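The block underneath contains the structure these notes are about, expressed in structure tokens.
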Amino acid sequence: MSQSYRFLPFRFERVADRVLLVNDVGDFHFLPESSFDALIGRKISPESSEYLDLKSKNMIWDSHLSNVIDLLATKYRTKKQFLYDFTSLHMFVLTRRCNQRCAYCHASSVCVEDKDVLDMDVATARKCVELVFMSPAKSIKIEFQGGEPLLNFNVLKSVVEYSLELNEKYKKNLEFVVCTNLIALDEDKLEYIKSNKIYISTSLDGPEYIHDEFRKNRSGEGSYKNVTANLALAQSSLGHDNISALMTVTDLSIDHLDEVIDEYIARGLGSIFLRMLNPLGYASAEWNRLGYSVDDFVDAYAKALDKIIQINRSGVYFPEMFTTLLLSRILTPFSTGFVDLQSPAGVGIGGVIYDTNGDVYVSDEARMLAHSKGDKSFCVGNAHSHSWREIFGSERLREIISSSCIEALPGCAWCVFQSYCGADPVRNYAVYGDMVGKRPENDFCRKHKAIFRVIFEYLAKDDEDIEDIFWSWIIGKPLAENSANATQM
Ligand code: SF4
Ligand code: SF4
């Protein structure tokens, strides 16, 4: 018997018939219920392996507290490293026009021929690029969005060229990504994309009958044939590693994710991102036709993840990217740059979006709120009329960020998954009228909590094969390469 140890801060919850303990820096440990009772009753023997595990995972301490605190402080700094990268993701809305009319379009795109449509002009694009390079982040990602950004290709080129020119001076690690439906891709554009090393992110919702149900062109025909033909063209020109795809789960695909996964593998896409539909833009009006509950999504996600793990077990490297992101947070000490799930939120300080007229919004959802409801609460300035300091040092941005530290938010403050989760003040504002929102009833929280449980249920199995697969996803290399590296070490 020992009463000599003391507790360090941790949160806990029952997962998979055991008690999951997680501390502030994301160290975790599973205990059987009886051992948890012994821990709380200070009856864990210092000679037991459990004692050493709990000590090494910083749940308890018995000596040299200041050393333990120094170690935890270092780990905490590492987890929050993304704060030093202020602001690395810069999204440019090159146009609000689109050649498709997807039923769930979050961007509320407008028709190609609309007379009063908005494209970004070169003067605005240059002002936005100048703001981008004021950012202290060493790595800068410029992401072209829309509408369909390929419809304003000349301005895309002017952004690339002006950025490369400024980067002669600023020497950032500069990356470009174009988020495109691929319909307007042609040989000339592809050549430009290739020669400037622009990464392509596209959308493929699954096999033809699923994709075409909700992703149609403006005359009402499904876009699958066109998209897959141009996907193959782009893959052969750029290489498969330079293109990825997202799929949006709809009421039609939710029971057929196995077919979606098969389609991705058949099309040579090396990963998949299973994205839940958000009730934003056109999707909010069509929610009765397209929508589903969080519980339905998590059930479908869990089944799809099981299938994806089986595929990887069979020797095919094929990660699910949202799971990979969460695993990186759970299994490594490092921060990840996923701006949608950070604490404090990545809005403005991790990523920012420049609208066609130069308005600067803290996130894509903030821009959509302005377009759909006329509410510009999350517009923090304009590239033509405000300096970098006025925008990124503004009281408004400080207010938004200070309301998004989940360590201090009701519900999150005592949640076992807090170390891996984040906040979305814009979504809270849209749903509840305030940036704090209400947990655990909101869909954002319920979805993440349920997905964390699915992942921790896998980790609780202590199955080495599954852990190897998860690590292969985190380091981005097939299992066979992992084993080869391990044997060389
Ligand atoms: S391709 Fe994208 S921007 Fe165009 S309608 Fe579809 S979801 Fe909206
Ligand atoms: S949002 Fe929900 S799952 Fe995430 S930390 Fe807060 S309470 Fe936990």
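Lettering and numbering for the structure tokens are positional, with chains as A, B, ... in the shown order, residues counted from 1 in each chain, and ligands counted from 1 in the shown order.
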What parts of stretch 118-181 of chain A does DSSP call strand (DSSP E)? I'd like the answer as a PyMOL selection string. chain A and resi 139-145+173-179
Near A:Asp212, within 9 Å and counting only C-alpha atoms, which residues show up once chain neighbours fewer than 3 positions away are dropped, as an MDAnalysis selection string? chainID A and resid 205:209 215:216 221:224
Distance limit 6 Å, reference ligand 1, atoms considered: only C-alpha atoms and all ligand atoms. Which residues make the cut? Give them as a ChimeraX atom specification. /A:98,100-102,105,107,109,146-148,181
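Once stretch 31-38 of chain A and its same-chain neighbours fewer than 5 positions away are set aside, A:Arg14, A:Asp17, A:Arg18, A:Val19, A:Leu20, A:Leu21, A:Lys43, A:Ile44, A:Glu50 remain within 9 Å of it when counting only C-alpha atoms.
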Chain A residues near ligand 2 within 9 Å, closest pair each, using only C-alpha atoms and all ligand atoms, as CSV:
residue,atom,partner,partner_atom_place_in_ligand_line,distance
A:Leu341,CA,ligand 2,4 (Fe),8.8
A:Ile406,CA,ligand 2,6 (Fe),6.3
A:Glu407,CA,ligand 2,5 (S),8.1
A:Leu409,CA,ligand 2,6 (Fe),7.5
A:Pro410,CA,ligand 2,7 (S),7.9
A:Gly411,CA,ligand 2,7 (S),4.8
A:Cys412,CA,ligand 2,6 (Fe),3.5
A:Ala413,CA,ligand 2,5 (S),7.2
A:Trp414,CA,ligand 2,7 (S),7.6
A:Cys415,CA,ligand 2,8 (Fe),4.5
A:Val416,CA,ligand 2,8 (Fe),6.6
A:Phe417,CA,ligand 2,8 (Fe),5.1
A:Gln418,CA,ligand 2,5 (S),3.8
A:Ser419,CA,ligand 2,5 (S),7.3
A:Tyr420,CA,ligand 2,5 (S),7.4
A:Cys421,CA,ligand 2,4 (Fe),4.7
A:Gly422,CA,ligand 2,4 (Fe),6.0
A:Ala423,CA,ligand 2,1 (S),6.3
A:Asp424,CA,ligand 2,1 (S),8.7
A:Arg439,CA,ligand 2,7 (S),5.8
A:Pro440,CA,ligand 2,7 (S),5.7
A:Glu441,CA,ligand 2,2 (Fe),8.7
A:Asn442,CA,ligand 2,2 (Fe),8.3
A:Phe444,CA,ligand 2,1 (S),6.6
A:Cys445,CA,ligand 2,2 (Fe),3.7
A:Arg446,CA,ligand 2,2 (Fe),6.2
A:Lys447,CA,ligand 2,3 (S),7.7
A:His448,CA,ligand 2,3 (S),5.2
A:Lys449,CA,ligand 2,3 (S),4.0
A:Ala450,CA,ligand 2,3 (S),7.8
A:Ile451,CA,ligand 2,3 (S),8.9
A:Phe452,CA,ligand 2,3 (S),7.6
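Comparing A:Leu257, A:Ile200, A:Leu83, A:Leu369 by their smallest distance to A:Leu238, the closest is A:Ile200 (using only C-alpha atoms).
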Just give me the gap between atom CA of A:Phe334 and atom CA of A:Lys79 in Å, one decimal is fine.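 One can read the atom CA of A:Phe334 to atom CA of A:Lys79 distance as 5.2 Å.
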Counting only C-alpha atoms, which of A:Asp85, A:Asp121, A:Glu143, A:Asp465 gets nearest to A:Lys172? A:Asp85
Would you mind listing what lies within 10 Å of A:Phe322 as an mmCIF file with N, CA, C and O atoms, in the first residue's frame, with only C-alpha atoms counted and same-chain residues fewer than 2 positions away left out?
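Writing the result to out-v8.cif gives the following:
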data_model
loop_
_atom_site.group_PDB
_atom_site.id
_atom_site.type_symbol
_atom_site.label_atom_id
_atom_site.label_comp_id
_atom_site.auth_asym_id
_atom_site.auth_seq_id
_atom_site.Cartn_x
_atom_site.Cartn_y
_atom_site.Cartn_z
ATOM 1 N N ILE A 272 -8.895 8.805 -48.491
ATOM 2 C CA ILE A 272 -10.263 9.332 -48.553
ATOM 3 C C ILE A 272 -10.489 10.209 -47.332
ATOM 4 O O ILE A 272 -9.830 10.009 -46.293
ATOM 5 N N PHE A 273 -11.334 11.208 -47.461
ATOM 6 C CA PHE A 273 -11.728 12.047 -46.326
ATOM 7 C C PHE A 273 -13.245 11.982 -46.272
ATOM 8 O O PHE A 273 -13.911 12.463 -47.185
ATOM 9 N N LEU A 274 -13.770 11.341 -45.243
ATOM 10 C CA LEU A 274 -15.229 11.194 -45.113
ATOM 11 C C LEU A 274 -15.763 12.440 -44.410
ATOM 12 O O LEU A 274 -15.527 12.642 -43.223
ATOM 13 N N ARG A 275 -16.458 13.264 -45.164
ATOM 14 C CA ARG A 275 -16.865 14.562 -44.622
ATOM 15 C C ARG A 275 -18.366 14.594 -44.369
ATOM 16 O O ARG A 275 -19.159 14.309 -45.265
ATOM 17 N N PRO A 319 -5.265 5.467 -46.234
ATOM 18 C CA PRO A 319 -5.734 6.084 -44.982
ATOM 19 C C PRO A 319 -7.047 6.844 -45.118
ATOM 20 O O PRO A 319 -7.359 7.355 -46.200
ATOM 21 N N GLU A 320 -7.781 6.929 -44.010
ATOM 22 C CA GLU A 320 -8.904 7.867 -43.905
ATOM 23 C C GLU A 320 -8.314 9.106 -43.234
ATOM 24 O O GLU A 320 -7.746 9.024 -42.141
ATOM 25 N N THR A 324 -6.725 10.018 -39.474
ATOM 26 C CA THR A 324 -5.268 10.206 -39.415
ATOM 27 C C THR A 324 -4.924 11.476 -38.648
ATOM 28 O O THR A 324 -4.005 11.491 -37.815
ATOM 29 N N LEU A 325 -5.690 12.511 -38.922
ATOM 30 C CA LEU A 325 -5.430 13.767 -38.231
ATOM 31 C C LEU A 325 -5.628 13.632 -36.714
ATOM 32 O O LEU A 325 -4.802 14.080 -35.919
ATOM 33 N N LEU A 326 -6.720 12.966 -36.342
ATOM 34 C CA LEU A 326 -6.978 12.794 -34.902
ATOM 35 C C LEU A 326 -5.940 11.869 -34.278
ATOM 36 O O LEU A 326 -5.478 12.100 -33.152
ATOM 37 N N LEU A 327 -5.541 10.832 -35.012
ATOM 38 C CA LEU A 327 -4.515 9.926 -34.486
ATOM 39 C C LEU A 327 -3.197 10.657 -34.259
ATOM 40 O O LEU A 327 -2.484 10.386 -33.289
ATOM 41 N N SER A 328 -2.864 11.574 -35.152
ATOM 42 C CA SER A 328 -1.616 12.335 -34.976
ATOM 43 C C SER A 328 -1.668 13.098 -33.661
ATOM 44 O O SER A 328 -0.673 13.223 -32.952
ATOM 45 N N PHE A 338 -4.657 21.570 -38.543
ATOM 46 C CA PHE A 338 -6.037 21.497 -39.023
ATOM 47 C C PHE A 338 -6.836 22.615 -38.360
ATOM 48 O O PHE A 338 -7.220 22.515 -37.194
ATOM 49 N N ILE A 451 -16.684 10.196 -32.555
ATOM 50 C CA ILE A 451 -15.552 9.724 -33.369
ATOM 51 C C ILE A 451 -14.342 9.433 -32.478
ATOM 52 O O ILE A 451 -13.643 8.432 -32.670
#
Pick out the closest residue to A:Asp119 from this set: A:Leu131, A:Ala300, A:Ala285, A:Val93. Count only C-alpha atoms.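 The shortest atom-to-atom distance to A:Asp119 comes from A:Val93.
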From A:Ala125, A:Ser4, A:His240, A:Asp62, residue lying nearest A:Asn382 [only C-alpha atoms]: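 Closest candidate: A:Ala125.
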Restricting the calculation to only C-alpha atoms: of A:Lys189, A:His211, A:Gln81, A:Val360, which residue gets closest to A:Glu390? A:Val360
Of the candidates A:Asp255, A:Asp24, A:Asp241, A:Asp364, which shows the shortest atom-to-atom distance to A:Gly268, using only C-alpha atoms?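 Closest residue, counting only C-alpha atoms: A:Asp241.
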